[in-house]
Number of protein chains: 2
Amino acid sequence: MPIDPPARLLMGPGPVNADPRVLRAMSAQLVGQFDPFMTATMNETMELYRGVFRTRNEATLLVDGTSRAGIEAAIVSLVAPGDRVLVPIFGRFGHLLAEIARRAGADVHTREIEWGGVFSVGAIERAIVEVRPALLAIVHGDTSTTVAQPLDELGAICERHGVLFYTDVTASLGGNPFELDAWGVDAATAGLQKCLGGPSGSAPISLSPAAVERIEARKSVEAGIRADGDAVLDEPIRSNYLDLGMILDYWGERRLNHHTEATTMLYGARECARLLLEEGMHVAIERHRLHGSAMLAGVEALGLDVFGDRAHRMHNVVGVHIPDGVDGERVRRALLEDFAIEIGTSFGPLHGRIWRIGTMGVNARRDAVLTTLAALEQVLRAEGHPLTADSGVGAARDVYSETAA
Amino acid sequence: MPIDPPARLLMGPGPVNADPRVLRAMSAQLVGQFDPFMTATMNETMELYRGVFRTRNEATLLVDGTSRAGIEAAIVSLVAPGDRVLVPIFGRFGHLLAEIARRAGADVHTREIEWGGVFSVGAIERAIVEVRPALLAIVHGDTSTTVAQPLDELGAICERHGVLFYTDVTASLGGNPFELDAWGVDAATAGLQKCLGGPSGSAPISLSPAAVERIEARKSVEAGIRADGDAVLDEPIRSNYLDLGMILDYWGERRLNHHTEATTMLYGARECARLLLEEGMHVAIERHRLHGSAMLAGVEALGLDVFGDRAHRMHNVVGVHIPDGVDGERVRRALLEDFAIEIGTSFGPLHGRIWRIGTMGVNARRDAVLTTLAALEQVLRAEGHPLTADSGVGAARDVYSETAA
């Protein structure tokens with residue numbers, strides 16, 4: 001039978017529903033790889049993502065794969081085997097950055113804090129001084145813990161110590177402030193499936209001139225010629241598919257053939273950026289802040305406790321302690337079966353302890369927030385969980401009223 | 001402005017136009033990663049691709065990226081650093097397999113023949129005896145030369161010599177005979193953008209039990225723990241994103257979280273397989289043979305010479321010598337500007353000498369073939385190229401009449 005998915009309101013930590021405009025854009029017919037229209041569309045998409053990343057980086061483009069492909073492209077291209085990489089870990093995706101860097105042959109040094117918090121700027125600078133890495137790799141917003149690491153002072157510190165600064169902004173971009181150029185970021189990667197409102201499968205990336213220089217230097221090792229003996233630093237980039245040197249030549253002036261562009265994902269990524277820029281980046285971020293605050297007020301009014309460092313909460317996802325005596329998976333199942341609403345479970349140390357409720361992309365809107373709170377209240381009541389007299393919906397409405405006032 | 005591509009009839013070596021049914025499937029709304037519908041759709045897609053690859057391999061799934069991502073996933077997962085890999089090269093994509101294997105740290109041995117021909121079975125067996133590789137990696141149909149390497153006897157030879165047998169069937173699958181199980185293939189990778197009639201961006205892959213066993217053995221090296229010293233064979237798979245061990249756990253019974261599935265590409269890949277299986281694999285292959293033969297007869301009736309070994313021609317692409325005195329790029333430009341038809345140029349030793357005309361996927365049909373021949377005749381006439389009295393369209397029509405009779 002033709003594909004016919006059930007209607008779902010995806011209020012987990014992502015993926016969320018795709019904006020219908022993005023799906024319409026993805027139904028457009030293909031053109032050839034080197035069609036003038038294709039070239040124009042690629043160039044236009046680069047310019048749109050400069051707006052989204054808040055950068056003037058020429059090297060702003062898409063990697064054909066999910067956000068994880070973008071992360072690996074950045075790391076495998078920037079890191080030569082033996083290079084020291086520092087990864088401050090405050091959640092699940094920090095572990096992913098470290099693992100990818102290890103597989104790329106890096107000498108990986110990690111620092112870890114308990115989930116729910118963020119690093120102080122001083123702690124990161126001390127680690128840089130101790131490790132003297134070639135690259136700092138750090139997640140911006142980590143949906144596994146719902147907090148966002150402040151990054152605005154790290155660029156200056158990295159520059160002072162001669163360290164390249166890479167950050168994964170998959171979960172934060174578009175819904176939380178991010179200023180690539182102003183914050184001195186050398187490489188940032190994202191995905192479409194969170195605040196950008198598209199399906200997973202394309203990874204926007206932006207590289208500073210310093211990052212491009214590092215990659216160009218590695219490119220000078222002729223592809224396919226292995227360095228002999230100990231000269232591992234001369235090893236070519238360990239991937240062809242994710243070699244940003246080749247991908248830059250493909251997206252750049254020379255438009256050298258590499259992979260066959262995933263044209264439908266390109267159309268989708270372009271529309272995601274258009275949506276954000278039409279709304280205005282600041283307006284979109286404020287929308288995520290507003291609806292995230294309403295969701296937060298709503299769950300608290302239901303008497304639920306919120307997880308993580310309040311001062312560094314991401315706008316687009318809230319972690320909620322599963323109350324004692326409540327079966328978290330039964331609640332999630334009832335929400336899905338009775339209300340077609342998906343909220344998230346958790347990983348690692350938070351597994352079985354925390355629900356994660358997202359408000360992002362096209363779902364960062366009033367009806368999605370209020371419907372989710374109403375449904376959660378009904379399900380908790382049906383589970384026999386004692387509720388306060390307050391209404392989650394009422395508290396969220398108050399947030400909207402205050403903002404309107 | 002919303003995306004609004006010009007209408008094109010893509011008659012090059014791929015990508016070709018997407019079947020409208022595939023684009024419609026891709027406009028369906030998303031569901032969550034672990035939604036029961038998602039699990040069912042993934043399982044169904046695995047079963048559909050078993051039909052397309054003609055295999056009972058449990059490990060039949062999608063890699064989230066273009067066909068090149070599938071190639072790299074197969075090679076980086078099957079090949080440990082230092083492993084010997086044999087790559088018989090008869091076109092551009094053979095060079096790609098060799099380069100990817102080198103970047104994965106393999107000890108790569110190549111054999112090369114002139115573009116346009118294929119290897120004898122004996123030559124490949126001799127090379128296997130000389131090299132004693134862990135893996136034979138060979139392209140099936142290489143669009144750069146328009147010929148398909150016979151593979152049907154290689155599985156038995158590889159088994160006799162204890163060699164794993166990988167082939168890239170991106171350009172051939174769905175339009176030319178391919179029998180994964182009957183031919184003893186251990187790993188095959190494809191893409192959607194050729195005979196499967198979809199957009200680039202998803203890579204179907206199938207792995208035999210022996211290939212899965214090799215990958216499982218490599219998985220036992222704990223992810224992230226680097227082997228020390230010389231024990232490079234114990235190095236974990238060099239990629240996380242393309243680690244088929246993790247991707248198998250994601251698609252398999254355990255459904256362990258890995259990347260966020262590119263759901264829209266999954267919907268598209270599913271529809272591509274449904275189209276082929278509804279038609280019947282043998283019928284679809286015969287359709288490609290028929291329309292490829294009509295195109296061949298048509299270009300020959302125009303007095304043009306065809307490139308490559310006729311006995312091993314792929315059904316879905318024909319190489320045409322650019323006649324002396326004709327500017328190949330001017331002809332391509334006129335076809336695109338006046339008739340909105342794209343035909344292909346060539347790479348490497350054939351650059352500037354050969355056009356490549358494809359008849360594949362939804363474009364393997366009578367009106368596409370006849371329109372292309374009619375347009376080509378007009379453009380060659382306008383360029384002042386002396387044509388024979390024969391009509392390309394007439395000759396192609398004759399092929400259709402003979403088949404109908």
# chains A, B, ... in the order shown; residues from 1 in each chain; ligands from 1
$ residues_around --residues "region 253-259 of chain A" --least-positions-apart "5" --cutoff "9 Å" --atoms "only C-alpha atoms" --output "PyMOL selection string"
(chain A and resi 33-34+39+64+241+246-248) or (chain B and resi 66-69)
$ write_last_selection --atoms "N, CA and C atoms" --output "PDB file, in the first residue's frame"
ATOM      1  N   GLN A  33      22.654  17.296 -12.088  1.00  0.00           N
ATOM      2  CA  GLN A  33      23.684  17.702 -11.128  1.00  0.00           C
ATOM      3  C   GLN A  33      24.332  19.040 -11.468  1.00  0.00           C
ATOM      4  N   PHE A  34      24.499  19.300 -12.761  1.00  0.00           N
ATOM      5  CA  PHE A  34      25.219  20.509 -13.170  1.00  0.00           C
ATOM      6  C   PHE A  34      24.318  21.430 -13.973  1.00  0.00           C
ATOM      7  N   THR A  39      22.956  24.652  -9.798  1.00  0.00           N
ATOM      8  CA  THR A  39      24.051  25.500  -9.310  1.00  0.00           C
ATOM      9  C   THR A  39      23.495  26.709  -8.569  1.00  0.00           C
ATOM     10  N   ASP A  64      25.442  15.495   2.865  1.00  0.00           N
ATOM     11  CA  ASP A  64      24.310  14.626   2.518  1.00  0.00           C
ATOM     12  C   ASP A  64      24.228  13.442   3.465  1.00  0.00           C
ATOM     13  N   TYR A 241      33.578   9.948   1.548  1.00  0.00           N
ATOM     14  CA  TYR A 241      32.220  10.496   1.537  1.00  0.00           C
ATOM     15  C   TYR A 241      32.123  11.752   2.391  1.00  0.00           C
ATOM     16  N   MET A 246      36.910  17.575  -0.337  1.00  0.00           N
ATOM     17  CA  MET A 246      36.237  17.249  -1.595  1.00  0.00           C
ATOM     18  C   MET A 246      34.844  17.886  -1.647  1.00  0.00           C
ATOM     19  N   ILE A 247      34.166  17.907  -0.508  1.00  0.00           N
ATOM     20  CA  ILE A 247      32.810  18.462  -0.485  1.00  0.00           C
ATOM     21  C   ILE A 247      32.857  19.976  -0.728  1.00  0.00           C
ATOM     22  N   LEU A 248      33.912  20.635  -0.222  1.00  0.00           N
ATOM     23  CA  LEU A 248      34.087  22.068  -0.496  1.00  0.00           C
ATOM     24  C   LEU A 248      34.335  22.306  -1.980  1.00  0.00           C
TER      25      LEU A 248
ATOM     26  N   THR B  66      23.998   9.158   0.184  1.00  0.00           N
ATOM     27  CA  THR B  66      23.917   8.816  -1.232  1.00  0.00           C
ATOM     28  C   THR B  66      24.559   7.447  -1.467  1.00  0.00           C
ATOM     29  N   SER B  67      24.516   6.984  -2.703  1.00  0.00           N
ATOM     30  CA  SER B  67      25.091   5.674  -3.020  1.00  0.00           C
ATOM     31  C   SER B  67      26.546   5.592  -2.567  1.00  0.00           C
ATOM     32  N   ARG B  68      27.263   6.696  -2.620  1.00  0.00           N
ATOM     33  CA  ARG B  68      28.661   6.716  -2.175  1.00  0.00           C
ATOM     34  C   ARG B  68      28.774   6.411  -0.682  1.00  0.00           C
ATOM     35  N   ALA B  69      27.799   6.835   0.102  1.00  0.00           N
ATOM     36  CA  ALA B  69      27.793   6.500   1.531  1.00  0.00           C
ATOM     37  C   ALA B  69      27.633   4.991   1.711  1.00  0.00           C
TER      38      ALA B  69
END
$ interface_residues --of "chain B" --to "chain A" --cutoff "6 Å" --atoms "only C-alpha atoms" --output "PDB file with N, CA, C and O atoms, in the first residue's frame"
ATOM      1  N   ASN B  17      14.896  11.732 -13.708  1.00  0.00           N
ATOM      2  CA  ASN B  17      13.700  12.229 -13.018  1.00  0.00           C
ATOM      3  C   ASN B  17      13.221  11.200 -11.998  1.00  0.00           C
ATOM      4  O   ASN B  17      13.300   9.996 -12.234  1.00  0.00           O
ATOM      5  N   LEU B  23       7.916  10.848  -5.332  1.00  0.00           N
ATOM      6  CA  LEU B  23       7.842  12.191  -4.744  1.00  0.00           C
ATOM      7  C   LEU B  23       6.580  12.337  -3.889  1.00  0.00           C
ATOM      8  O   LEU B  23       6.618  12.971  -2.836  1.00  0.00           O
ATOM      9  N   SER B  27       6.163  13.107   0.409  1.00  0.00           N
ATOM     10  CA  SER B  27       5.464  14.249   1.011  1.00  0.00           C
ATOM     11  C   SER B  27       4.660  13.829   2.244  1.00  0.00           C
ATOM     12  O   SER B  27       3.998  14.656   2.859  1.00  0.00           O
ATOM     13  N   LEU B  30       5.924  12.926   9.016  1.00  0.00           N
ATOM     14  CA  LEU B  30       6.839  12.083   9.785  1.00  0.00           C
ATOM     15  C   LEU B  30       6.130  11.435  10.970  1.00  0.00           C
ATOM     16  O   LEU B  30       5.090  11.896  11.424  1.00  0.00           O
ATOM     17  N   ASP B  64      21.802   5.925   5.373  1.00  0.00           N
ATOM     18  CA  ASP B  64      21.278   7.279   5.180  1.00  0.00           C
ATOM     19  C   ASP B  64      22.324   8.184   4.545  1.00  0.00           C
ATOM     20  O   ASP B  64      23.064   8.900   5.230  1.00  0.00           O
ATOM     21  N   GLY B  65      22.364   8.162   3.241  1.00  0.00           N
ATOM     22  CA  GLY B  65      23.289   8.991   2.486  1.00  0.00           C
ATOM     23  C   GLY B  65      23.167   8.583   1.032  1.00  0.00           C
ATOM     24  O   GLY B  65      22.332   7.743   0.687  1.00  0.00           O
ATOM     25  N   ALA B  69      27.799   6.835   0.102  1.00  0.00           N
ATOM     26  CA  ALA B  69      27.793   6.500   1.531  1.00  0.00           C
ATOM     27  C   ALA B  69      27.633   4.991   1.711  1.00  0.00           C
ATOM     28  O   ALA B  69      28.242   4.391   2.603  1.00  0.00           O
ATOM     29  N   GLU B  99      40.004   3.995  -3.928  1.00  0.00           N
ATOM     30  CA  GLU B  99      40.358   5.142  -3.079  1.00  0.00           C
ATOM     31  C   GLU B  99      39.709   5.019  -1.698  1.00  0.00           C
ATOM     32  O   GLU B  99      40.357   5.285  -0.676  1.00  0.00           O
ATOM     33  N   ILE B 100      38.446   4.621  -1.674  1.00  0.00           N
ATOM     34  CA  ILE B 100      37.758   4.477  -0.388  1.00  0.00           C
ATOM     35  C   ILE B 100      38.439   3.392   0.451  1.00  0.00           C
ATOM     36  O   ILE B 100      38.626   3.557   1.668  1.00  0.00           O
ATOM     37  N   ARG B 102      41.570   2.509   0.307  1.00  0.00           N
ATOM     38  CA  ARG B 102      42.855   3.054   0.800  1.00  0.00           C
ATOM     39  C   ARG B 102      42.626   3.941   2.020  1.00  0.00           C
ATOM     40  O   ARG B 102      43.349   3.887   2.996  1.00  0.00           O
ATOM     41  N   ARG B 103      41.609   4.780   1.950  1.00  0.00           N
ATOM     42  CA  ARG B 103      41.332   5.676   3.079  1.00  0.00           C
ATOM     43  C   ARG B 103      40.890   4.902   4.313  1.00  0.00           C
ATOM     44  O   ARG B 103      41.040   5.380   5.436  1.00  0.00           O
ATOM     45  N   SER B 200      18.562  10.800  -5.308  1.00  0.00           N
ATOM     46  CA  SER B 200      19.745  10.394  -4.544  1.00  0.00           C
ATOM     47  C   SER B 200      19.539  10.729  -3.065  1.00  0.00           C
ATOM     48  O   SER B 200      18.829  11.673  -2.741  1.00  0.00           O
ATOM     49  N   GLY B 201      20.171   9.948  -2.179  1.00  0.00           N
ATOM     50  CA  GLY B 201      20.103  10.282  -0.753  1.00  0.00           C
ATOM     51  C   GLY B 201      19.820   9.104   0.157  1.00  0.00           C
ATOM     52  O   GLY B 201      19.809   9.270   1.373  1.00  0.00           O
ATOM     53  N   GLY B 224      35.423   2.951  20.634  1.00  0.00           N
ATOM     54  CA  GLY B 224      36.092   4.020  21.352  1.00  0.00           C
ATOM     55  C   GLY B 224      37.383   3.606  22.024  1.00  0.00           C
ATOM     56  O   GLY B 224      38.148   4.451  22.460  1.00  0.00           O
ATOM     57  N   ARG B 238      36.416   2.477  11.424  1.00  0.00           N
ATOM     58  CA  ARG B 238      36.927   3.849  11.439  1.00  0.00           C
ATOM     59  C   ARG B 238      35.848   4.916  11.346  1.00  0.00           C
ATOM     60  O   ARG B 238      36.160   6.105  11.339  1.00  0.00           O
ATOM     61  N   SER B 239      34.639   4.514  11.212  1.00  0.00           N
ATOM     62  CA  SER B 239      33.528   5.467  11.136  1.00  0.00           C
ATOM     63  C   SER B 239      32.473   5.070  12.147  1.00  0.00           C
ATOM     64  O   SER B 239      32.274   3.889  12.414  1.00  0.00           O
ATOM     65  N   ASN B 240      31.813   6.049  12.730  1.00  0.00           N
ATOM     66  CA  ASN B 240      30.625   5.771  13.524  1.00  0.00           C
ATOM     67  C   ASN B 240      29.390   5.836  12.619  1.00  0.00           C
ATOM     68  O   ASN B 240      28.570   4.936  12.611  1.00  0.00           O
ATOM     69  N   TYR B 241      29.314   6.876  11.809  1.00  0.00           N
ATOM     70  CA  TYR B 241      28.123   7.079  10.990  1.00  0.00           C
ATOM     71  C   TYR B 241      27.912   5.927  10.021  1.00  0.00           C
ATOM     72  O   TYR B 241      26.781   5.526   9.753  1.00  0.00           O
ATOM     73  N   ALA B 262      16.481   9.164   8.343  1.00  0.00           N
ATOM     74  CA  ALA B 262      16.041  10.140   7.344  1.00  0.00           C
ATOM     75  C   ALA B 262      14.702   9.649   6.796  1.00  0.00           C
ATOM     76  O   ALA B 262      14.616   9.046   5.724  1.00  0.00           O
TER      77      ALA B 262
END
$ select_by_dssp --residues "region 48-106 of chain B" --states "strand (DSSP E or B)" --output "MDAnalysis selection string"
chainID B and resid 59:63 84:89
$ write_last_selection --atoms "all heavy atoms" --output "PDB file, in the first residue's frame"
ATOM      1  N   ALA B  59      20.055  -9.143   6.678  1.00  0.00           N
ATOM      2  CA  ALA B  59      20.719  -7.831   6.765  1.00  0.00           C
ATOM      3  C   ALA B  59      20.581  -7.078   5.446  1.00  0.00           C
ATOM      4  O   ALA B  59      21.530  -6.928   4.677  1.00  0.00           O
ATOM      5  CB  ALA B  59      22.181  -8.008   7.152  1.00  0.00           C
ATOM      6  N   THR B  60      19.374  -6.592   5.195  1.00  0.00           N
ATOM      7  CA  THR B  60      19.070  -5.825   3.981  1.00  0.00           C
ATOM      8  C   THR B  60      18.381  -4.552   4.451  1.00  0.00           C
ATOM      9  O   THR B  60      17.314  -4.621   5.065  1.00  0.00           O
ATOM     10  CB  THR B  60      18.158  -6.648   3.053  1.00  0.00           C
ATOM     11  OG1 THR B  60      18.803  -7.890   2.761  1.00  0.00           O
ATOM     12  CG2 THR B  60      17.870  -5.907   1.769  1.00  0.00           C
ATOM     13  N   LEU B  61      18.994  -3.412   4.212  1.00  0.00           N
ATOM     14  CA  LEU B  61      18.539  -2.177   4.860  1.00  0.00           C
ATOM     15  C   LEU B  61      19.012  -0.957   4.079  1.00  0.00           C
ATOM     16  O   LEU B  61      19.504  -1.096   2.954  1.00  0.00           O
ATOM     17  CB  LEU B  61      19.052  -2.160   6.306  1.00  0.00           C
ATOM     18  CG  LEU B  61      20.504  -2.624   6.508  1.00  0.00           C
ATOM     19  CD1 LEU B  61      21.462  -1.458   6.388  1.00  0.00           C
ATOM     20  CD2 LEU B  61      20.666  -3.298   7.857  1.00  0.00           C
ATOM     21  N   LEU B  62      18.846   0.210   4.659  1.00  0.00           N
ATOM     22  CA  LEU B  62      19.247   1.458   4.006  1.00  0.00           C
ATOM     23  C   LEU B  62      20.344   2.149   4.801  1.00  0.00           C
ATOM     24  O   LEU B  62      20.277   2.189   6.028  1.00  0.00           O
ATOM     25  CB  LEU B  62      18.062   2.427   3.911  1.00  0.00           C
ATOM     26  CG  LEU B  62      16.779   1.929   3.244  1.00  0.00           C
ATOM     27  CD1 LEU B  62      15.680   3.001   3.344  1.00  0.00           C
ATOM     28  CD2 LEU B  62      17.020   1.567   1.783  1.00  0.00           C
ATOM     29  N   VAL B  63      21.319   2.699   4.095  1.00  0.00           N
ATOM     30  CA  VAL B  63      22.269   3.624   4.708  1.00  0.00           C
ATOM     31  C   VAL B  63      21.792   5.033   4.379  1.00  0.00           C
ATOM     32  O   VAL B  63      21.379   5.304   3.246  1.00  0.00           O
ATOM     33  CB  VAL B  63      23.694   3.386   4.160  1.00  0.00           C
ATOM     34  CG1 VAL B  63      24.661   4.465   4.637  1.00  0.00           C
ATOM     35  CG2 VAL B  63      24.192   1.999   4.564  1.00  0.00           C
ATOM     36  N   ARG B  84      44.114  -6.887   2.894  1.00  0.00           N
ATOM     37  CA  ARG B  84      44.328  -6.765   1.449  1.00  0.00           C
ATOM     38  C   ARG B  84      42.979  -6.741   0.734  1.00  0.00           C
ATOM     39  O   ARG B  84      42.105  -7.559   1.001  1.00  0.00           O
ATOM     40  CB  ARG B  84      45.181  -7.928   0.925  1.00  0.00           C
ATOM     41  CG  ARG B  84      46.684  -7.651   0.972  1.00  0.00           C
ATOM     42  CD  ARG B  84      47.480  -8.614   0.115  1.00  0.00           C
ATOM     43  NE  ARG B  84      47.236  -9.988   0.518  1.00  0.00           N
ATOM     44  CZ  ARG B  84      47.789 -10.587   1.566  1.00  0.00           C
ATOM     45  NH1 ARG B  84      48.658  -9.928   2.329  1.00  0.00           N
ATOM     46  NH2 ARG B  84      47.504 -11.836   1.858  1.00  0.00           N
ATOM     47  N   VAL B  85      42.839  -5.787  -0.164  1.00  0.00           N
ATOM     48  CA  VAL B  85      41.620  -5.648  -0.962  1.00  0.00           C
ATOM     49  C   VAL B  85      42.020  -5.638  -2.431  1.00  0.00           C
ATOM     50  O   VAL B  85      42.960  -4.934  -2.820  1.00  0.00           O
ATOM     51  CB  VAL B  85      40.870  -4.341  -0.601  1.00  0.00           C
ATOM     52  CG1 VAL B  85      39.674  -4.127  -1.511  1.00  0.00           C
ATOM     53  CG2 VAL B  85      40.430  -4.361   0.862  1.00  0.00           C
ATOM     54  N   LEU B  86      41.318  -6.422  -3.230  1.00  0.00           N
ATOM     55  CA  LEU B  86      41.554  -6.460  -4.678  1.00  0.00           C
ATOM     56  C   LEU B  86      40.444  -5.691  -5.382  1.00  0.00           C
ATOM     57  O   LEU B  86      39.257  -5.982  -5.185  1.00  0.00           O
ATOM     58  CB  LEU B  86      41.567  -7.914  -5.166  1.00  0.00           C
ATOM     59  CG  LEU B  86      41.617  -8.096  -6.691  1.00  0.00           C
ATOM     60  CD1 LEU B  86      42.914  -7.549  -7.288  1.00  0.00           C
ATOM     61  CD2 LEU B  86      41.420  -9.570  -7.059  1.00  0.00           C
ATOM     62  N   VAL B  87      40.834  -4.713  -6.202  1.00  0.00           N
ATOM     63  CA  VAL B  87      39.850  -3.931  -6.968  1.00  0.00           C
ATOM     64  C   VAL B  87      40.188  -4.009  -8.457  1.00  0.00           C
ATOM     65  O   VAL B  87      41.119  -3.340  -8.910  1.00  0.00           O
ATOM     66  CB  VAL B  87      39.818  -2.453  -6.522  1.00  0.00           C
ATOM     67  CG1 VAL B  87      38.661  -1.728  -7.221  1.00  0.00           C
ATOM     68  CG2 VAL B  87      39.688  -2.317  -5.015  1.00  0.00           C
ATOM     69  N   PRO B  88      39.455  -4.813  -9.220  1.00  0.00           N
ATOM     70  CA  PRO B  88      39.610  -4.776 -10.680  1.00  0.00           C
ATOM     71  C   PRO B  88      38.887  -3.537 -11.212  1.00  0.00           C
ATOM     72  O   PRO B  88      37.708  -3.332 -10.927  1.00  0.00           O
ATOM     73  CB  PRO B  88      38.922  -6.070 -11.153  1.00  0.00           C
ATOM     74  CG  PRO B  88      38.706  -6.889  -9.896  1.00  0.00           C
ATOM     75  CD  PRO B  88      38.549  -5.890  -8.797  1.00  0.00           C
ATOM     76  N   ILE B  89      39.609  -2.702 -11.944  1.00  0.00           N
ATOM     77  CA  ILE B  89      39.084  -1.395 -12.348  1.00  0.00           C
ATOM     78  C   ILE B  89      38.836  -1.363 -13.851  1.00  0.00           C
ATOM     79  O   ILE B  89      39.764  -1.553 -14.636  1.00  0.00           O
ATOM     80  CB  ILE B  89      40.068  -0.266 -11.959  1.00  0.00           C
ATOM     81  CG1 ILE B  89      40.236  -0.216 -10.435  1.00  0.00           C
ATOM     82  CG2 ILE B  89      39.592   1.082 -12.509  1.00  0.00           C
ATOM     83  CD1 ILE B  89      41.312   0.764  -9.966  1.00  0.00           C
TER      84      ILE B  89
END
$ residues_around --residues "Val393 (chain B)" --least-positions-apart "6" --cutoff "7 Å" --atoms "only C-alpha atoms" --output "ChimeraX atom specification"
/B:298,370,373-374
$ residues_around --residues "Arg54 (chain B)" --least-positions-apart "6" --cutoff "9 Å" --atoms "only C-alpha atoms" --output "PDB file with N, CA, C and O atoms, in the first residue's frame"
ATOM      1  N   PHE B 178      20.485  -8.911 -11.866  1.00  0.00           N
ATOM      2  CA  PHE B 178      21.363  -9.017 -10.696  1.00  0.00           C
ATOM      3  C   PHE B 178      20.714  -9.979  -9.725  1.00  0.00           C
ATOM      4  O   PHE B 178      19.553  -9.800  -9.346  1.00  0.00           O
ATOM      5  N   GLU B 179      21.463 -10.988  -9.324  1.00  0.00           N
ATOM      6  CA  GLU B 179      20.947 -12.061  -8.471  1.00  0.00           C
ATOM      7  C   GLU B 179      21.900 -12.229  -7.298  1.00  0.00           C
ATOM      8  O   GLU B 179      22.870 -12.980  -7.381  1.00  0.00           O
ATOM      9  N   LEU B 180      21.629 -11.520  -6.218  1.00  0.00           N
ATOM     10  CA  LEU B 180      22.578 -11.509  -5.106  1.00  0.00           C
ATOM     11  C   LEU B 180      22.851 -12.918  -4.572  1.00  0.00           C
ATOM     12  O   LEU B 180      24.009 -13.341  -4.492  1.00  0.00           O
ATOM     13  N   ASP B 181      21.822 -13.641  -4.221  1.00  0.00           N
ATOM     14  CA  ASP B 181      22.040 -14.972  -3.641  1.00  0.00           C
ATOM     15  C   ASP B 181      22.592 -15.958  -4.668  1.00  0.00           C
ATOM     16  O   ASP B 181      23.562 -16.670  -4.398  1.00  0.00           O
ATOM     17  N   ALA B 182      21.979 -15.988  -5.844  1.00  0.00           N
ATOM     18  CA  ALA B 182      22.391 -16.975  -6.852  1.00  0.00           C
ATOM     19  C   ALA B 182      23.836 -16.757  -7.290  1.00  0.00           C
ATOM     20  O   ALA B 182      24.531 -17.710  -7.639  1.00  0.00           O
ATOM     21  N   MET B 281      10.552  -7.680 -11.105  1.00  0.00           N
ATOM     22  CA  MET B 281      11.957  -7.378 -11.405  1.00  0.00           C
ATOM     23  C   MET B 281      12.305  -7.764 -12.845  1.00  0.00           C
ATOM     24  O   MET B 281      12.970  -7.008 -13.557  1.00  0.00           O
TER      25      MET B 281
END
$ residues_around --residues "Glu58 (chain A)" --least-positions-apart "3" --cutoff "10 Å" --atoms "only C-alpha atoms" --output "list in words"
Met46, Glu47, Arg50, Thr55, Leu61, Ser206, Leu207, Ser208, Pro209, Val212, Leu248 and Gly252 of chain A
$ write_last_selection --atoms "N, CA, C and O atoms" --output "CSV table (one decimal), in the first residue's frame"
chain,number,residue,atom,x,y,z
A,46,MET,N,23.5,28.0,0.2
A,46,MET,CA,24.7,28.4,1.0
A,46,MET,C,24.4,29.8,1.7
A,46,MET,O,24.7,30.0,2.8
A,47,GLU,N,23.9,30.7,0.9
A,47,GLU,CA,23.6,32.1,1.4
A,47,GLU,C,22.6,32.0,2.5
A,47,GLU,O,22.7,32.7,3.5
A,50,ARG,N,24.1,30.9,5.7
A,50,ARG,CA,24.9,31.9,6.3
A,50,ARG,C,24.0,32.7,7.2
A,50,ARG,O,24.4,33.1,8.3
A,55,THR,N,26.7,34.0,10.0
A,55,THR,CA,28.1,34.0,9.6
A,55,THR,C,28.3,34.5,8.2
A,55,THR,O,27.3,34.6,7.4
A,61,LEU,N,27.5,25.1,3.8
A,61,LEU,CA,26.9,24.1,2.8
A,61,LEU,C,26.2,23.0,3.5
A,61,LEU,O,26.0,23.0,4.7
A,206,SER,N,29.0,24.9,8.6
A,206,SER,CA,29.7,26.2,8.3
A,206,SER,C,31.1,26.1,8.9
A,206,SER,O,31.3,25.6,10.0
A,207,LEU,N,32.1,26.5,8.1
A,207,LEU,CA,33.5,26.4,8.4
A,207,LEU,C,34.2,27.8,8.3
A,207,LEU,O,34.0,28.5,7.2
A,208,SER,N,34.9,28.2,9.3
A,208,SER,CA,35.6,29.5,9.2
A,208,SER,C,36.8,29.3,8.3
A,208,SER,O,37.2,28.2,8.0
A,209,PRO,N,37.4,30.5,7.9
A,209,PRO,CA,38.6,30.4,7.0
A,209,PRO,C,39.7,29.6,7.7
A,209,PRO,O,40.4,28.8,7.0
A,212,VAL,N,38.9,25.9,7.1
A,212,VAL,CA,39.1,25.6,5.7
A,212,VAL,C,40.6,25.4,5.5
A,212,VAL,O,41.0,24.5,4.8
A,248,LEU,N,33.9,20.6,-0.2
A,248,LEU,CA,34.1,22.1,-0.5
A,248,LEU,C,34.3,22.3,-2.0
A,248,LEU,O,33.8,23.3,-2.5
A,252,GLY,N,31.9,24.5,-4.1
A,252,GLY,CA,32.6,25.8,-4.4
A,252,GLY,C,32.6,26.1,-5.9
A,252,GLY,O,32.0,25.5,-6.7
$ closest_residue --among "A:Gly82, A:Val52, A:Gly116, A:Leu304" --to "Thr189 (chain A)" --atoms "only C-alpha atoms"
A:Val52
$ residues_around --residues "Arg92 (chain A)" --least-positions-apart "4" --cutoff "9 Å" --atoms "only C-alpha atoms" --output "PyMOL selection string"
chain A and resi 96+115+142-145+347-348
$ atom_distance --atom1 "CA of Val331 (chain B)" --atom2 "CA of Gly384 (chain B)"
11.2 Å
